[in-house]
Amino acid sequence: MRTLVGWHVEMEFQEEGDRTRAAAMVRLSDGTEIRGHGNAQRHHSDTEQLRVGEEISGARALMDIASQMLQKAHTEIDEASGRKSHALM
């Protein structure tokens with residue numbers, strides 16, 4: 001199987017007390033940059049586990065990007081086809 005295109009994804013995290021914030025950006029082959037954000041908050045009774053906060057906030061940032069990418073794709077489908085498409089999300 002041959003790779004036709006690649007996407008570059010960047011992810012950054014900020015820790016503030018019991019909160020973790022993630023910012024993600026994906027650069028698509030058409031030059032579009034889509035940015036997403038996600039948050040996680042540790043319950044006061046949980047032990048500190050930075051990796052868990054990163055995983056949750058990072059996953060939420062990527063879900064934000066995924067939603068925006070679906071919208072972008074469906075807008076492009078609609079423009080090309082002249083009809084309304086529907087995302088399955």
# chains A, B, ... in the order shown; residues from 1 in each chain; ligands from 1
>>> residues_around(residues="range 16-30 of chain A", least_positions_apart="3", cutoff="6 Å", atoms="only C-alpha atoms", output="number ranges by chain")
A: 7-13, 33-42, 53, 57-58, 61
>>> select_by_dssp(residues="range 4-72 of chain A", states="strand (DSSP E or B)", output="PDB file with all heavy atoms, in the first residue's frame")
ATOM      1  N   HIS A   8       0.144  16.657   9.231  1.00  0.00           N
ATOM      2  CA  HIS A   8       1.007  16.989  10.356  1.00  0.00           C
ATOM      3  C   HIS A   8       0.121  17.455  11.509  1.00  0.00           C
ATOM      4  O   HIS A   8      -0.687  18.366  11.331  1.00  0.00           O
ATOM      5  CB  HIS A   8       1.998  18.089   9.960  1.00  0.00           C
ATOM      6  CG  HIS A   8       2.925  18.457  11.056  1.00  0.00           C
ATOM      7  ND1 HIS A   8       4.023  17.697  11.387  1.00  0.00           N
ATOM      8  CD2 HIS A   8       2.899  19.480  11.927  1.00  0.00           C
ATOM      9  CE1 HIS A   8       4.639  18.258  12.395  1.00  0.00           C
ATOM     10  NE2 HIS A   8       3.982  19.341  12.751  1.00  0.00           N
ATOM     11  N   VAL A   9       0.255  16.818  12.675  1.00  0.00           N
ATOM     12  CA  VAL A   9      -0.551  17.174  13.841  1.00  0.00           C
ATOM     13  C   VAL A   9       0.380  17.677  14.939  1.00  0.00           C
ATOM     14  O   VAL A   9       1.409  17.062  15.214  1.00  0.00           O
ATOM     15  CB  VAL A   9      -1.346  15.953  14.375  1.00  0.00           C
ATOM     16  CG1 VAL A   9      -2.138  16.330  15.617  1.00  0.00           C
ATOM     17  CG2 VAL A   9      -2.253  15.389  13.300  1.00  0.00           C
ATOM     18  N   GLU A  10       0.008  18.800  15.554  1.00  0.00           N
ATOM     19  CA  GLU A  10       0.744  19.321  16.703  1.00  0.00           C
ATOM     20  C   GLU A  10      -0.199  19.351  17.902  1.00  0.00           C
ATOM     21  O   GLU A  10      -1.376  19.654  17.752  1.00  0.00           O
ATOM     22  CB  GLU A  10       1.244  20.744  16.430  1.00  0.00           C
ATOM     23  CG  GLU A  10       2.284  20.821  15.340  1.00  0.00           C
ATOM     24  CD  GLU A  10       2.766  22.235  15.088  1.00  0.00           C
ATOM     25  OE1 GLU A  10       2.579  23.109  15.965  1.00  0.00           O
ATOM     26  OE2 GLU A  10       3.326  22.454  14.010  1.00  0.00           O
ATOM     27  N   MET A  11       0.347  19.032  19.070  1.00  0.00           N
ATOM     28  CA  MET A  11      -0.459  19.013  20.290  1.00  0.00           C
ATOM     29  C   MET A  11       0.361  19.631  21.412  1.00  0.00           C
ATOM     30  O   MET A  11       1.533  19.291  21.589  1.00  0.00           O
ATOM     31  CB  MET A  11      -0.825  17.575  20.650  1.00  0.00           C
ATOM     32  CG  MET A  11      -1.659  17.404  21.877  1.00  0.00           C
ATOM     33  SD  MET A  11      -3.429  17.520  21.621  1.00  0.00           S
ATOM     34  CE  MET A  11      -3.729  16.146  20.550  1.00  0.00           C
ATOM     35  N   GLU A  12      -0.267  20.549  22.161  1.00  0.00           N
ATOM     36  CA  GLU A  12       0.380  21.160  23.321  1.00  0.00           C
ATOM     37  C   GLU A  12      -0.546  21.068  24.512  1.00  0.00           C
ATOM     38  O   GLU A  12      -1.769  21.108  24.362  1.00  0.00           O
ATOM     39  CB  GLU A  12       0.686  22.636  23.041  1.00  0.00           C
ATOM     40  CG  GLU A  12       1.722  22.860  21.974  1.00  0.00           C
ATOM     41  CD  GLU A  12       2.024  24.328  21.752  1.00  0.00           C
ATOM     42  OE1 GLU A  12       1.340  25.193  22.368  1.00  0.00           O
ATOM     43  OE2 GLU A  12       2.925  24.625  20.962  1.00  0.00           O
ATOM     44  N   PHE A  13       0.059  20.970  25.695  1.00  0.00           N
ATOM     45  CA  PHE A  13      -0.711  20.847  26.933  1.00  0.00           C
ATOM     46  C   PHE A  13      -0.293  21.928  27.912  1.00  0.00           C
ATOM     47  O   PHE A  13       0.878  22.306  27.971  1.00  0.00           O
ATOM     48  CB  PHE A  13      -0.478  19.474  27.576  1.00  0.00           C
ATOM     49  CG  PHE A  13      -0.878  18.340  26.695  1.00  0.00           C
ATOM     50  CD1 PHE A  13       0.053  17.712  25.887  1.00  0.00           C
ATOM     51  CD2 PHE A  13      -2.194  17.904  26.660  1.00  0.00           C
ATOM     52  CE1 PHE A  13      -0.305  16.658  25.067  1.00  0.00           C
ATOM     53  CE2 PHE A  13      -2.569  16.852  25.839  1.00  0.00           C
ATOM     54  CZ  PHE A  13      -1.618  16.234  25.039  1.00  0.00           C
ATOM     55  N   GLN A  14      -1.259  22.372  28.714  1.00  0.00           N
ATOM     56  CA  GLN A  14      -0.997  23.279  29.829  1.00  0.00           C
ATOM     57  C   GLN A  14      -1.622  22.677  31.071  1.00  0.00           C
ATOM     58  O   GLN A  14      -2.786  22.250  31.039  1.00  0.00           O
ATOM     59  CB  GLN A  14      -1.636  24.654  29.595  1.00  0.00           C
ATOM     60  CG  GLN A  14      -0.937  25.507  28.584  1.00  0.00           C
ATOM     61  CD  GLN A  14      -1.581  26.876  28.518  1.00  0.00           C
ATOM     62  OE1 GLN A  14      -2.776  27.038  28.727  1.00  0.00           O
ATOM     63  NE2 GLN A  14      -0.770  27.874  28.218  1.00  0.00           N
ATOM     64  N   GLU A  15      -0.839  22.633  32.120  1.00  0.00           N
ATOM     65  CA  GLU A  15      -1.311  22.133  33.406  1.00  0.00           C
ATOM     66  C   GLU A  15      -1.454  23.315  34.360  1.00  0.00           C
ATOM     67  O   GLU A  15      -0.530  24.108  34.508  1.00  0.00           O
ATOM     68  CB  GLU A  15      -0.305  21.145  33.997  1.00  0.00           C
ATOM     69  CG  GLU A  15       0.047  19.971  33.105  1.00  0.00           C
ATOM     70  CD  GLU A  15      -1.016  18.898  33.085  1.00  0.00           C
ATOM     71  OE1 GLU A  15      -1.890  18.888  33.976  1.00  0.00           O
ATOM     72  OE2 GLU A  15      -0.965  18.061  32.178  1.00  0.00           O
ATOM     73  N   GLU A  16      -2.614  23.431  34.971  1.00  0.00           N
ATOM     74  CA  GLU A  16      -2.849  24.457  35.991  1.00  0.00           C
ATOM     75  C   GLU A  16      -3.618  23.816  37.132  1.00  0.00           C
ATOM     76  O   GLU A  16      -4.816  23.597  37.018  1.00  0.00           O
ATOM     77  CB  GLU A  16      -3.645  25.634  35.419  1.00  0.00           C
ATOM     78  CG  GLU A  16      -2.897  26.437  34.370  1.00  0.00           C
ATOM     79  CD  GLU A  16      -3.723  27.600  33.845  1.00  0.00           C
ATOM     80  OE1 GLU A  16      -4.627  28.077  34.566  1.00  0.00           O
ATOM     81  OE2 GLU A  16      -3.461  28.018  32.716  1.00  0.00           O
ATOM     82  N   ARG A  19      -6.339  21.103  36.506  1.00  0.00           N
ATOM     83  CA  ARG A  19      -6.873  21.222  35.143  1.00  0.00           C
ATOM     84  C   ARG A  19      -5.779  21.026  34.097  1.00  0.00           C
ATOM     85  O   ARG A  19      -4.666  21.489  34.265  1.00  0.00           O
ATOM     86  CB  ARG A  19      -7.506  22.594  34.930  1.00  0.00           C
ATOM     87  CG  ARG A  19      -8.709  22.793  35.803  1.00  0.00           C
ATOM     88  CD  ARG A  19      -9.261  24.178  35.630  1.00  0.00           C
ATOM     89  NE  ARG A  19     -10.328  24.372  36.599  1.00  0.00           N
ATOM     90  CZ  ARG A  19     -11.383  25.106  36.386  1.00  0.00           C
ATOM     91  NH1 ARG A  19     -11.505  25.778  35.267  1.00  0.00           N
ATOM     92  NH2 ARG A  19     -12.312  25.203  37.302  1.00  0.00           N
ATOM     93  N   THR A  20      -6.150  20.349  33.037  1.00  0.00           N
ATOM     94  CA  THR A  20      -5.257  20.171  31.890  1.00  0.00           C
ATOM     95  C   THR A  20      -5.991  20.675  30.663  1.00  0.00           C
ATOM     96  O   THR A  20      -7.148  20.336  30.440  1.00  0.00           O
ATOM     97  CB  THR A  20      -4.880  18.689  31.691  1.00  0.00           C
ATOM     98  OG1 THR A  20      -4.320  18.191  32.904  1.00  0.00           O
ATOM     99  CG2 THR A  20      -3.884  18.528  30.553  1.00  0.00           C
ATOM    100  N   ARG A  21      -5.296  21.484  29.884  1.00  0.00           N
ATOM    101  CA  ARG A  21      -5.861  22.009  28.636  1.00  0.00           C
ATOM    102  C   ARG A  21      -4.984  21.541  27.491  1.00  0.00           C
ATOM    103  O   ARG A  21      -3.762  21.550  27.594  1.00  0.00           O
ATOM    104  CB  ARG A  21      -5.895  23.535  28.663  1.00  0.00           C
ATOM    105  CG  ARG A  21      -6.784  24.068  29.733  1.00  0.00           C
ATOM    106  CD  ARG A  21      -6.649  25.566  29.831  1.00  0.00           C
ATOM    107  NE  ARG A  21      -7.307  25.990  31.057  1.00  0.00           N
ATOM    108  CZ  ARG A  21      -8.074  27.051  31.149  1.00  0.00           C
ATOM    109  NH1 ARG A  21      -8.249  27.830  30.122  1.00  0.00           N
ATOM    110  NH2 ARG A  21      -8.665  27.353  32.279  1.00  0.00           N
ATOM    111  N   ALA A  22      -5.625  21.145  26.411  1.00  0.00           N
ATOM    112  CA  ALA A  22      -4.897  20.712  25.217  1.00  0.00           C
ATOM    113  C   ALA A  22      -5.297  21.599  24.049  1.00  0.00           C
ATOM    114  O   ALA A  22      -6.463  21.967  23.906  1.00  0.00           O
ATOM    115  CB  ALA A  22      -5.225  19.260  24.892  1.00  0.00           C
ATOM    116  N   ALA A  23      -4.312  21.923  23.245  1.00  0.00           N
ATOM    117  CA  ALA A  23      -4.546  22.628  21.986  1.00  0.00           C
ATOM    118  C   ALA A  23      -3.915  21.774  20.898  1.00  0.00           C
ATOM    119  O   ALA A  23      -2.757  21.364  21.012  1.00  0.00           O
ATOM    120  CB  ALA A  23      -3.918  24.017  22.021  1.00  0.00           C
ATOM    121  N   ALA A  24      -4.689  21.488  19.869  1.00  0.00           N
ATOM    122  CA  ALA A  24      -4.204  20.649  18.775  1.00  0.00           C
ATOM    123  C   ALA A  24      -4.414  21.381  17.461  1.00  0.00           C
ATOM    124  O   ALA A  24      -5.316  22.207  17.323  1.00  0.00           O
ATOM    125  CB  ALA A  24      -4.957  19.316  18.755  1.00  0.00           C
ATOM    126  N   MET A  25      -3.544  21.071  16.504  1.00  0.00           N
ATOM    127  CA  MET A  25      -3.668  21.645  15.182  1.00  0.00           C
ATOM    128  C   MET A  25      -3.260  20.588  14.167  1.00  0.00           C
ATOM    129  O   MET A  25      -2.262  19.885  14.357  1.00  0.00           O
ATOM    130  CB  MET A  25      -2.765  22.879  15.057  1.00  0.00           C
ATOM    131  CG  MET A  25      -2.951  23.672  13.781  1.00  0.00           C
ATOM    132  SD  MET A  25      -1.886  23.167  12.422  1.00  0.00           S
ATOM    133  CE  MET A  25      -0.280  23.554  13.066  1.00  0.00           C
ATOM    134  N   VAL A  26      -4.065  20.450  13.130  1.00  0.00           N
ATOM    135  CA  VAL A  26      -3.716  19.547  12.031  1.00  0.00           C
ATOM    136  C   VAL A  26      -3.602  20.385  10.767  1.00  0.00           C
ATOM    137  O   VAL A  26      -4.405  21.286  10.529  1.00  0.00           O
ATOM    138  CB  VAL A  26      -4.743  18.397  11.867  1.00  0.00           C
ATOM    139  CG1 VAL A  26      -6.121  18.906  11.510  1.00  0.00           C
ATOM    140  CG2 VAL A  26      -4.275  17.402  10.815  1.00  0.00           C
ATOM    141  N   ARG A  27      -2.570  20.109  10.000  1.00  0.00           N
ATOM    142  CA  ARG A  27      -2.339  20.802   8.737  1.00  0.00           C
ATOM    143  C   ARG A  27      -2.678  19.816   7.628  1.00  0.00           C
ATOM    144  O   ARG A  27      -2.035  18.774   7.488  1.00  0.00           O
ATOM    145  CB  ARG A  27      -0.888  21.264   8.649  1.00  0.00           C
ATOM    146  CG  ARG A  27      -0.611  22.223   7.525  1.00  0.00           C
ATOM    147  CD  ARG A  27       0.803  22.804   7.623  1.00  0.00           C
ATOM    148  NE  ARG A  27       0.955  23.580   8.855  1.00  0.00           N
ATOM    149  CZ  ARG A  27       1.818  23.288   9.833  1.00  0.00           C
ATOM    150  NH1 ARG A  27       2.602  22.246   9.741  1.00  0.00           N
ATOM    151  NH2 ARG A  27       1.906  24.055  10.907  1.00  0.00           N
ATOM    152  N   GLU A  33      -5.413  24.716   8.054  1.00  0.00           N
ATOM    153  CA  GLU A  33      -5.044  24.377   9.420  1.00  0.00           C
ATOM    154  C   GLU A  33      -6.310  24.386  10.261  1.00  0.00           C
ATOM    155  O   GLU A  33      -7.035  25.373  10.279  1.00  0.00           O
ATOM    156  CB  GLU A  33      -4.041  25.382   9.987  1.00  0.00           C
ATOM    157  CG  GLU A  33      -2.683  25.299   9.343  1.00  0.00           C
ATOM    158  CD  GLU A  33      -1.674  26.247   9.963  1.00  0.00           C
ATOM    159  OE1 GLU A  33      -2.043  27.052  10.848  1.00  0.00           O
ATOM    160  OE2 GLU A  33      -0.506  26.201   9.558  1.00  0.00           O
ATOM    161  N   ILE A  34      -6.576  23.275  10.919  1.00  0.00           N
ATOM    162  CA  ILE A  34      -7.754  23.161  11.780  1.00  0.00           C
ATOM    163  C   ILE A  34      -7.258  23.022  13.211  1.00  0.00           C
ATOM    164  O   ILE A  34      -6.386  22.205  13.503  1.00  0.00           O
ATOM    165  CB  ILE A  34      -8.632  21.961  11.381  1.00  0.00           C
ATOM    166  CG1 ILE A  34      -9.123  22.149   9.937  1.00  0.00           C
ATOM    167  CG2 ILE A  34      -9.803  21.812  12.343  1.00  0.00           C
ATOM    168  CD1 ILE A  34      -9.923  20.997   9.402  1.00  0.00           C
ATOM    169  N   ARG A  35      -7.819  23.842  14.092  1.00  0.00           N
ATOM    170  CA  ARG A  35      -7.397  23.859  15.496  1.00  0.00           C
ATOM    171  C   ARG A  35      -8.541  23.366  16.385  1.00  0.00           C
ATOM    172  O   ARG A  35      -9.699  23.680  16.142  1.00  0.00           O
ATOM    173  CB  ARG A  35      -6.994  25.269  15.900  1.00  0.00           C
ATOM    174  CG  ARG A  35      -5.808  25.763  15.099  1.00  0.00           C
ATOM    175  CD  ARG A  35      -5.479  27.221  15.359  1.00  0.00           C
ATOM    176  NE  ARG A  35      -4.509  27.709  14.401  1.00  0.00           N
ATOM    177  CZ  ARG A  35      -3.195  27.540  14.490  1.00  0.00           C
ATOM    178  NH1 ARG A  35      -2.700  26.876  15.523  1.00  0.00           N
ATOM    179  NH2 ARG A  35      -2.382  28.012  13.573  1.00  0.00           N
ATOM    180  N   GLY A  36      -8.173  22.592  17.391  1.00  0.00           N
ATOM    181  CA  GLY A  36      -9.150  22.081  18.338  1.00  0.00           C
ATOM    182  C   GLY A  36      -8.635  22.239  19.755  1.00  0.00           C
ATOM    183  O   GLY A  36      -7.426  22.353  19.983  1.00  0.00           O
ATOM    184  N   HIS A  37      -9.560  22.245  20.687  1.00  0.00           N
ATOM    185  CA  HIS A  37      -9.212  22.403  22.101  1.00  0.00           C
ATOM    186  C   HIS A  37      -9.956  21.370  22.929  1.00  0.00           C
ATOM    187  O   HIS A  37     -11.059  20.960  22.582  1.00  0.00           O
ATOM    188  CB  HIS A  37      -9.567  23.818  22.587  1.00  0.00           C
ATOM    189  CG  HIS A  37      -8.804  24.867  21.866  1.00  0.00           C
ATOM    190  ND1 HIS A  37      -9.251  25.427  20.700  1.00  0.00           N
ATOM    191  CD2 HIS A  37      -7.609  25.430  22.125  1.00  0.00           C
ATOM    192  CE1 HIS A  37      -8.366  26.311  20.275  1.00  0.00           C
ATOM    193  NE2 HIS A  37      -7.360  26.325  21.121  1.00  0.00           N
ATOM    194  N   GLY A  38      -9.330  20.978  24.025  1.00  0.00           N
ATOM    195  CA  GLY A  38      -9.956  20.039  24.944  1.00  0.00           C
ATOM    196  C   GLY A  38      -9.505  20.321  26.359  1.00  0.00           C
ATOM    197  O   GLY A  38      -8.422  20.860  26.585  1.00  0.00           O
ATOM    198  N   ASN A  39     -10.349  19.989  27.307  1.00  0.00           N
ATOM    199  CA  ASN A  39     -10.070  20.220  28.727  1.00  0.00           C
ATOM    200  C   ASN A  39     -10.320  18.954  29.522  1.00  0.00           C
ATOM    201  O   ASN A  39     -11.157  18.126  29.158  1.00  0.00           O
ATOM    202  CB  ASN A  39     -10.975  21.327  29.282  1.00  0.00           C
ATOM    203  CG  ASN A  39     -10.719  22.652  28.624  1.00  0.00           C
ATOM    204  OD1 ASN A  39      -9.637  23.206  28.742  1.00  0.00           O
ATOM    205  ND2 ASN A  39     -11.707  23.158  27.902  1.00  0.00           N
ATOM    206  N   ALA A  40      -9.592  18.851  30.623  1.00  0.00           N
ATOM    207  CA  ALA A  40      -9.816  17.779  31.595  1.00  0.00           C
ATOM    208  C   ALA A  40      -9.618  18.375  32.974  1.00  0.00           C
ATOM    209  O   ALA A  40      -8.826  19.292  33.161  1.00  0.00           O
ATOM    210  CB  ALA A  40      -8.837  16.628  31.375  1.00  0.00           C
ATOM    211  N   GLN A  41     -10.378  17.867  33.925  1.00  0.00           N
ATOM    212  CA  GLN A  41     -10.225  18.326  35.301  1.00  0.00           C
ATOM    213  C   GLN A  41     -10.198  17.122  36.213  1.00  0.00           C
ATOM    214  O   GLN A  41     -11.095  16.274  36.189  1.00  0.00           O
ATOM    215  CB  GLN A  41     -11.368  19.258  35.701  1.00  0.00           C
ATOM    216  CG  GLN A  41     -11.186  19.821  37.092  1.00  0.00           C
ATOM    217  CD  GLN A  41     -12.159  20.946  37.402  1.00  0.00           C
ATOM    218  OE1 GLN A  41     -12.883  21.410  36.536  1.00  0.00           O
ATOM    219  NE2 GLN A  41     -12.176  21.379  38.644  1.00  0.00           N
TER     220      GLN A  41
END
>>> atom_distance(atom1="CA of Thr32 in chain A", atom2="CA of Leu62 in chain A")
15.7 Å
>>> select_by_dssp(residues="range 4-87 of chain A", states="alpha helix (DSSP H)", output="PyMOL selection string")
chain A and resi 50-81
>>> closest_residue(among="A:Ile56, A:Arg2, A:Arg51, A:Ser85", to="Lys72 in chain A", atoms="only C-alpha atoms")
A:Ser85
>>> atom_distance(atom1="CA of Ala66 in chain A", atom2="CA of Gly31 in chain A")
16.6 Å
